$ cat protein_6.cif   # mmCIF, C-alpha atoms
data_run
#
loop_
_atom_site.label_atom_id
_atom_site.label_comp_id
_atom_site.auth_asym_id
_atom_site.auth_seq_id
_atom_site.Cartn_x
_atom_site.Cartn_y
_atom_site.Cartn_z
CA MET A 1 47.85 121.63 103.56
CA LYS A 2 51.62 121.63 103.14
CA THR A 3 54.07 124.48 103.23
CA VAL A 4 55.32 125.71 99.88
CA GLN A 5 58.69 124.92 98.38
CA ARG A 6 61.04 127.80 97.62
CA ARG A 7 63.68 127.86 94.89
CA THR A 8 61.66 125.49 92.70
CA GLY A 9 60.96 127.99 89.93
CA ILE A 10 57.22 127.78 90.68
CA ALA A 11 55.69 130.99 91.99
CA LEU A 12 54.63 130.81 95.64
CA TRP A 13 51.09 132.03 94.94
CA ARG A 14 50.69 129.28 92.34
CA GLN A 15 51.83 126.64 94.82
CA VAL A 16 49.33 127.95 97.37
CA ALA A 17 46.55 127.93 94.74
CA ASP A 18 47.48 124.38 93.71
CA GLN A 19 47.26 123.14 97.29
CA ILE A 20 43.93 124.83 97.92
CA ARG A 21 42.68 123.45 94.61
CA GLN A 22 43.79 119.95 95.56
CA SER A 23 42.00 120.27 98.88
CA VAL A 24 38.84 121.14 96.98
CA LEU A 25 39.23 118.10 94.74
CA THR A 26 39.78 115.76 97.68
CA GLY A 27 36.80 116.63 99.78
CA LEU A 28 36.29 120.11 101.24
CA ALA A 29 32.54 120.63 101.46
CA PRO A 30 30.67 123.03 99.12
CA ASN A 31 30.01 126.42 100.74
CA GLU A 32 32.65 125.74 103.38
CA ARG A 33 34.51 128.86 104.45
CA LEU A 34 38.26 128.95 104.03
CA PRO A 35 40.42 129.99 106.96
CA ALA A 36 41.26 133.69 107.14
CA GLU A 37 44.09 135.01 104.98
CA ALA A 38 46.34 135.44 108.02
CA GLU A 39 45.82 131.81 109.06
CA LEU A 40 46.48 130.54 105.54
CA ALA A 41 49.62 132.66 105.35
CA THR A 42 50.86 131.06 108.56
CA ARG A 43 50.01 127.55 107.37
CA PHE A 44 51.85 127.97 104.09
CA GLY A 45 54.69 130.08 105.46
CA VAL A 46 54.03 132.97 103.05
CA ASN A 47 52.79 136.54 103.35
CA ARG A 48 49.15 137.56 103.01
CA HIS A 49 49.74 139.14 99.59
CA THR A 50 50.74 135.70 98.26
CA VAL A 51 47.61 134.12 99.73
CA ARG A 52 45.49 136.91 98.28
CA ALA A 53 46.94 136.31 94.80
CA ALA A 54 46.20 132.57 95.07
CA ILE A 55 42.62 133.20 96.16
CA ALA A 56 42.10 135.71 93.35
CA ALA A 57 43.22 133.10 90.81
CA LEU A 58 40.80 130.52 92.20
CA GLU A 59 37.98 133.06 92.22
CA LYS A 60 38.60 133.67 88.52
CA GLU A 61 38.12 129.95 87.88
CA GLY A 62 34.91 129.90 89.88
CA ILE A 63 36.28 127.57 92.55
CA LEU A 64 36.05 130.17 95.34
CA ARG A 65 33.84 133.19 96.00
CA ALA A 66 34.49 136.13 98.28
CA GLU A 67 31.63 137.57 100.32
CA GLN A 68 32.12 141.05 101.73
CA GLY A 69 32.43 140.92 105.50
CA ARG A 70 32.04 137.14 105.67
CA GLY A 71 35.13 135.62 104.09
CA THR A 72 35.98 133.31 101.20
CA PHE A 73 33.91 130.21 100.47
CA LEU A 74 34.04 127.16 98.24
CA ASN A 75 31.48 127.49 95.49
CA ASP A 76 28.67 124.97 95.50
CA ARG A 77 29.37 123.65 92.04
CA LYS A 78 29.54 119.95 91.37
CA ARG A 79 31.90 118.63 88.76
CA LEU A 80 30.23 117.28 85.65
CA ARG A 81 30.45 113.51 85.17
CA TYR A 82 31.56 112.86 81.60
CA PRO A 83 31.16 109.22 80.49
CA ILE A 84 33.77 107.71 78.19
CA GLY A 85 32.57 104.48 76.67
CA GLN A 86 31.74 102.72 73.43
CA ARG A 87 29.84 105.76 72.20
CA THR A 88 31.31 108.93 73.66
CA ARG A 89 29.29 112.07 72.91
CA PHE A 90 29.53 115.50 74.49
CA SER A 91 25.87 116.53 74.33
CA SER A 92 24.25 113.25 75.32
CA GLY A 93 26.89 112.57 77.96
CA LEU A 94 26.00 115.78 79.80
CA GLU A 95 22.32 115.92 78.86
CA SER A 96 21.00 115.29 82.39
CA GLN A 97 23.57 117.61 84.01
CA ALA A 98 23.43 120.80 81.96
CA GLN A 99 20.54 122.62 80.33
CA THR A 100 22.65 123.75 77.38
CA ARG A 101 25.61 122.12 75.64
CA SER A 102 27.40 123.79 72.76
CA GLY A 103 30.41 123.46 70.51
CA LYS A 104 32.23 126.31 68.81
CA LEU A 105 34.68 126.12 65.92
CA LEU A 106 37.77 128.21 66.64
CA ALA A 107 39.82 127.33 63.57
CA SER A 108 40.24 124.74 60.84
CA LEU A 109 43.31 123.82 58.83
CA THR A 110 44.18 121.34 56.09
CA LEU A 111 47.71 120.02 56.54
CA PRO A 112 49.91 116.95 55.95
CA ALA A 113 49.19 114.39 58.65
CA PRO A 114 51.81 114.27 61.42
CA LEU A 115 53.05 110.73 62.04
CA ALA A 116 50.94 110.17 65.17
CA VAL A 117 47.79 111.38 63.40
CA ALA A 118 48.49 109.33 60.27
CA THR A 119 49.02 106.23 62.40
CA ALA A 120 45.81 106.79 64.36
CA LEU A 121 43.77 107.29 61.17
CA SER A 122 45.53 104.49 59.25
CA LEU A 123 46.70 106.96 56.60
CA PRO A 124 50.06 107.29 54.83
CA ALA A 125 52.38 109.75 56.56
CA GLY A 126 51.82 113.20 55.12
CA ALA A 127 48.35 112.45 53.74
CA PRO A 128 46.10 115.55 53.86
CA VAL A 129 44.01 115.83 57.01
CA ILE A 130 41.67 118.48 58.37
CA ARG A 131 42.26 119.70 61.93
CA LEU A 132 39.39 121.32 63.78
CA SER A 133 40.12 123.37 66.90
CA THR A 134 37.01 123.62 69.05
CA VAL A 135 35.77 124.52 72.52
CA SER A 136 32.74 122.96 74.19
CA ALA A 137 30.65 124.49 76.96
CA ALA A 138 27.94 123.39 79.37
CA ASP A 139 25.49 126.03 80.60
CA GLY A 140 27.80 128.65 79.12
CA VAL A 141 30.88 127.48 81.04
CA PRO A 142 33.78 126.13 78.93
CA VAL A 143 34.61 122.57 79.97
CA SER A 144 36.81 121.25 77.17
CA ALA A 145 38.98 122.38 74.28
CA ALA A 146 39.96 119.99 71.52
CA ASN A 147 41.86 119.38 68.34
CA SER A 148 40.29 116.77 66.05
CA TRP A 149 41.76 115.37 62.84
CA PHE A 150 39.89 113.86 59.88
CA ASP A 151 40.89 112.36 56.53
CA ALA A 152 40.55 115.31 54.13
CA SER A 153 39.74 113.05 51.16
CA ARG A 154 36.70 111.62 52.95
CA PHE A 155 35.55 114.52 55.14
CA GLY A 156 36.49 117.57 53.10
CA THR A 157 33.57 119.74 54.23
CA ILE A 158 33.52 118.84 57.91
CA ALA A 159 34.75 122.27 59.03
CA GLU A 160 31.84 124.02 57.34
CA LEU A 161 29.37 121.49 58.73
CA TYR A 162 30.72 121.80 62.26
CA ALA A 163 30.59 125.60 62.07
CA GLU A 164 26.88 125.28 61.25
CA THR A 165 25.91 122.52 63.70
CA GLY A 166 28.41 122.76 66.57
CA SER A 167 28.35 118.95 66.60
CA ILE A 168 30.83 116.37 65.34
CA THR A 169 28.09 113.72 65.32
CA ALA A 170 25.74 115.83 63.19
CA SER A 171 28.59 116.78 60.85
CA LEU A 172 29.60 113.16 60.32
CA ALA A 173 25.97 112.17 59.75
CA ASN A 174 25.81 114.74 56.96
CA LEU A 175 28.86 113.04 55.46
CA GLY A 176 27.34 109.55 55.56
CA VAL A 177 28.58 108.31 58.94
CA ASP A 178 25.39 107.59 60.86
CA ASP A 179 27.11 105.92 63.80
CA TYR A 180 30.60 105.52 65.16
CA THR A 181 32.25 104.04 68.22
CA ARG A 182 35.29 104.70 70.37
CA ARG A 183 38.21 102.38 69.67
CA THR A 184 40.69 103.74 72.21
CA THR A 185 41.02 106.48 74.82
CA ALA A 186 44.18 107.39 76.71
CA ILE A 187 44.00 109.82 79.63
CA GLU A 188 46.66 111.86 81.41
CA ALA A 189 46.74 114.89 83.70
CA ARG A 190 48.92 117.96 83.17
CA HIS A 191 49.08 121.65 83.98
CA ALA A 192 47.07 123.79 81.63
CA SER A 193 48.99 125.42 78.80
CA SER A 194 48.69 129.13 78.08
CA GLU A 195 46.18 128.28 75.35
CA ASP A 196 44.15 126.16 77.78
CA LEU A 197 44.12 129.02 80.30
CA GLU A 198 42.58 131.33 77.72
CA LEU A 199 40.11 128.92 76.13
CA LEU A 200 38.86 127.40 79.39
CA ALA A 201 39.03 130.58 81.51
CA LEU A 202 41.53 129.05 83.95
CA SER A 203 44.34 130.54 85.99
CA PRO A 204 48.01 129.46 85.98
CA GLY A 205 48.51 126.19 87.83
CA ALA A 206 45.13 124.75 86.83
CA ILE A 207 45.05 121.06 85.92
CA VAL A 208 43.53 119.68 82.74
CA LEU A 209 42.70 116.08 81.88
CA LEU A 210 44.02 115.27 78.41
CA THR A 211 42.37 112.52 76.39
CA ARG A 212 43.71 111.08 73.16
CA SER A 213 41.10 109.07 71.30
CA VAL A 214 40.33 107.25 68.06
CA ASP A 215 36.79 106.78 66.75
CA VAL A 216 35.84 104.28 64.04
CA ASP A 217 32.84 103.85 61.75
CA SER A 218 30.61 100.75 61.53
CA ALA A 219 33.15 99.10 59.22
CA GLY A 220 35.93 99.62 61.77
CA LEU A 221 37.69 102.32 59.74
CA PRO A 222 39.21 105.20 61.77
CA ILE A 223 37.34 108.44 61.15
CA GLN A 224 38.58 110.77 63.88
CA TYR A 225 41.65 111.24 66.03
CA GLY A 226 41.09 113.69 68.86
CA GLU A 227 43.00 115.36 71.66
CA SER A 228 40.72 117.00 74.25
CA ARG A 229 41.62 118.98 77.36
CA PHE A 230 39.04 119.02 80.16
CA ALA A 231 39.14 121.45 83.09
CA ALA A 232 39.74 119.03 85.98
CA ASP A 233 37.94 121.25 88.48
CA ARG A 234 34.78 121.13 86.34
CA VAL A 235 34.73 117.63 84.88
CA GLU A 236 35.50 114.11 86.04
CA LEU A 237 35.90 111.42 83.40
CA ILE A 238 33.92 108.24 84.00
CA ILE A 239 35.11 105.14 82.14
CA ASP A 240 31.93 103.33 81.15
CA ASN A 241 32.27 100.58 78.57
CA ALA A 242 28.51 100.12 78.60
CA ALA A 243 27.77 103.73 77.57
CA SER A 244 25.76 103.71 74.37
CA GLY A 245 24.38 107.21 73.72
CA THR A 246 24.15 108.12 70.06
CA SER A 247 23.41 111.84 69.97
CA GLY A 248 25.55 114.89 70.57
CA ASP A 249 29.17 115.36 69.63
CA THR A 250 32.55 114.18 70.78
CA ALA A 251 34.69 115.94 73.34
#

$ encode --input "protein_6.cif" --output "structure tokens"
Amino acid sequence: MKTVQRRTGIALWRQVADQIRQSVLTGLAPNERLPAEAELATRFGVNRHTVRAAIAALEKEGILRAEQGRGTFLNDRKRLRYPIGQRTRFSSGLESQAQTRSGKLLASLTLPAPLAVATALSLPAGAPVIRLSTVSAADGVPVSAANSWFDASRFGTIAELYAETGSITASLANLGVDDYTRRTTAIEARHASSEDLELLALSPGAIVLLTRSVDVDSAGLPIQYGESRFAADRVELIIDNAASGTSGDTA
């Protein structure tokens, strides 16, 4: 663990939380006890109140747990392995890892396609598209939040269908798309936005993995452009070009 950097504009407690979080991601054992607050304060060169605030944030995310009279421990919770391949589906991708998988529609909007969306969907700039804002959970824990765009002239009722089914795949099947494949996926890491913090129940400083993807139908026509944010502490993305599941919904 490194000492924190002052005069960077980043709160000290957040820097401490980030470094503890990174230690978790790089190999501290599940159920391992963290050093005492006083020792952590000395290591980071901060006061105990700062350490306490960092630990509280990580407890909120479920990374740590405090046990009265015993100390603070890493939770024994493995990250989900989410395959990204030719057929990328939320439900089938996590089927063997979570008893329940669900998708919830937060909002839908019909709007002129922004340039990036129009390009991804091979539409004229400004063509009407439908944007779905959704959150997906595994065993009741939110793991991803997404915005997905569809050609409004072809998929005009997809919002209503998704609200009923909680599944992009089922919604598209109702609209005549029985199968689709992933054309491209780009991945980057970033700090969670304020919206991500709320939707994924994260604390400031948390990292999300952002994917930008294009799915196409059997004729090779783009049907969906999506931007998904995964909680990095809960999910690792596995690039698997051989993945071929056909049920469930996209991230």

$ residues_near_point --input "protein_6.cif" --point "(52.0, 112.4, 61.4)" --cutoff "12 Å" --atoms "only C-alpha atoms" --output "MDAnalysis selection string"
chainID A and resid 111:129 149 225

$ residues_around --input "protein_6.cif" --residues "Ile158 (chain A)" --least-positions-apart "3" --cutoff "8 Å" --atoms "all atoms listed in the file" --output "PyMOL selection string"
chain A and resi 155+161-162+171-172+175

$ residues_around --input "protein_6.cif" --residues "Phe73 (chain A)" --least-positions-apart "5" --cutoff "6 Å" --atoms "all atoms listed in the file" --output "list in words"
Asn31, Glu32, Arg33, Leu34, Leu64 and Arg65 of chain A

$ resolve_selection --input "protein_6.cif" --expression "the PyMOL selection byres ((chain A and resi 80) around 12)" --output "PyMOL selection string"
chain A and resi 77-79+81-83+90+93-98+137-139+141-144+230-238

$ resolve_selection --input "protein_6.cif" --expression "the PyMOL selection byres ((chain A and resi 202) around 10)" --output "list of chain:residue names"
A:Ala57, A:Leu58, A:Glu59, A:Lys60, A:Glu61, A:Gly62, A:Pro142, A:Ala192, A:Ser193, A:Ser194, A:Glu195, A:Asp196, A:Leu197, A:Glu198, A:Leu199, A:Leu200, A:Ala201, A:Ser203, A:Pro204, A:Gly205, A:Ala206, A:Ile207, A:Val208, A:Ala231, A:Asp233

$ write_last_selection --input "protein_6.cif" --atoms "C-alpha atoms" --output "tab-separated table (two decimals), in the frame of the given file"
chain	number	residue	atom	x	y	z
A	57	ALA	CA	43.22	133.10	90.81
A	58	LEU	CA	40.80	130.52	92.20
A	59	GLU	CA	37.98	133.06	92.22
A	60	LYS	CA	38.60	133.67	88.52
A	61	GLU	CA	38.12	129.95	87.88
A	62	GLY	CA	34.91	129.90	89.88
A	142	PRO	CA	33.78	126.13	78.93
A	192	ALA	CA	47.07	123.79	81.63
A	193	SER	CA	48.99	125.42	78.80
A	194	SER	CA	48.69	129.13	78.08
A	195	GLU	CA	46.18	128.28	75.35
A	196	ASP	CA	44.15	126.16	77.78
A	197	LEU	CA	44.12	129.02	80.30
A	198	GLU	CA	42.58	131.33	77.72
A	199	LEU	CA	40.11	128.92	76.13
A	200	LEU	CA	38.86	127.40	79.39
A	201	ALA	CA	39.03	130.58	81.51
A	203	SER	CA	44.34	130.54	85.99
A	204	PRO	CA	48.01	129.46	85.98
A	205	GLY	CA	48.51	126.19	87.83
A	206	ALA	CA	45.13	124.75	86.83
A	207	ILE	CA	45.05	121.06	85.92
A	208	VAL	CA	43.53	119.68	82.74
A	231	ALA	CA	39.14	121.45	83.09
A	233	ASP	CA	37.94	121.25	88.48

$ atom_distance --input "protein_6.cif" --atom1 "CA of Ser228 (chain A)" --atom2 "CA of Pro30 (chain A)"
27.5 Å

$ atom_distance --input "protein_6.cif" --atom1 "CA of Arg190 (chain A)" --atom2 "CA of Ile55 (chain A)"
21.0 Å

$ closest_residue --input "protein_6.cif" --among "A:Arg229, A:Arg43, A:Arg21, A:Arg87" --to "Ala145 (chain A)" --atoms "all atoms listed in the file"
A:Arg229

$ axis_aligned_box --input "protein_6.cif" --around "region 205-222 of chain A" --padding-each-side "8 Å" --output "lines of an AutoDock Vina configuration file"
center_x = 39.6
center_y = 112.6
center_z = 73.5
size_x = 33.9
size_y = 43.1
size_z = 44.6

$ closest_residue --input "protein_6.cif" --among "A:Glu39, A:Ser108, A:Leu210, A:Gly103" --to "Ala170 (chain A)" --atoms "all atoms listed in the file"
A:Gly103

$ closest_residue --input "protein_6.cif" --among "A:Gln19, A:Gln86, A:Thr72, A:Thr50" --to "Arg182 (chain A)" --atoms "only C-alpha atoms"
A:Gln86

$ atom_distance --input "protein_6.cif" --atom1 "CA of Val135 (chain A)" --atom2 "CA of Gln22 (chain A)"
24.8 Å

$ residues_near_point --input "protein_6.cif" --point "(43.7, 113.5, 68.6)" --cutoff "6 Å" --atoms "all atoms listed in the file" --output "list in words"
Ser148, Arg212, Ser213, Tyr225, Gly226 and Glu227 of chain A

$ write_last_selection --input "protein_6.cif" --atoms "C-alpha atoms" --output "PDB file, in the coordinates of the input"
ATOM      1  CA  SER A 148      40.290 116.770  66.050  1.00  0.00           C
ATOM      2  CA  ARG A 212      43.710 111.080  73.160  1.00  0.00           C
ATOM      3  CA  SER A 213      41.100 109.070  71.300  1.00  0.00           C
ATOM      4  CA  TYR A 225      41.650 111.240  66.030  1.00  0.00           C
ATOM      5  CA  GLY A 226      41.090 113.690  68.860  1.00  0.00           C
ATOM      6  CA  GLU A 227      43.000 115.360  71.660  1.00  0.00           C
TER       7      GLU A 227
END

$ resolve_selection --input "protein_6.cif" --expression "the PyMOL selection byres ((chain A and resi 130) around 6)" --output "PyMOL selection string"
chain A and resi 109-110+129+131+149-150+152

$ closest_residue --input "protein_6.cif" --among "A:Leu106, A:Val16, A:Ala159, A:Ile84" --to "His49 (chain A)" --atoms "only C-alpha atoms"
A:Val16

$ closest_residue --input "protein_6.cif" --among "A:Thr134, A:Ala53, A:Ile168, A:Glu67" --to "Ala41 (chain A)" --atoms "only C-alpha atoms"
A:Ala53
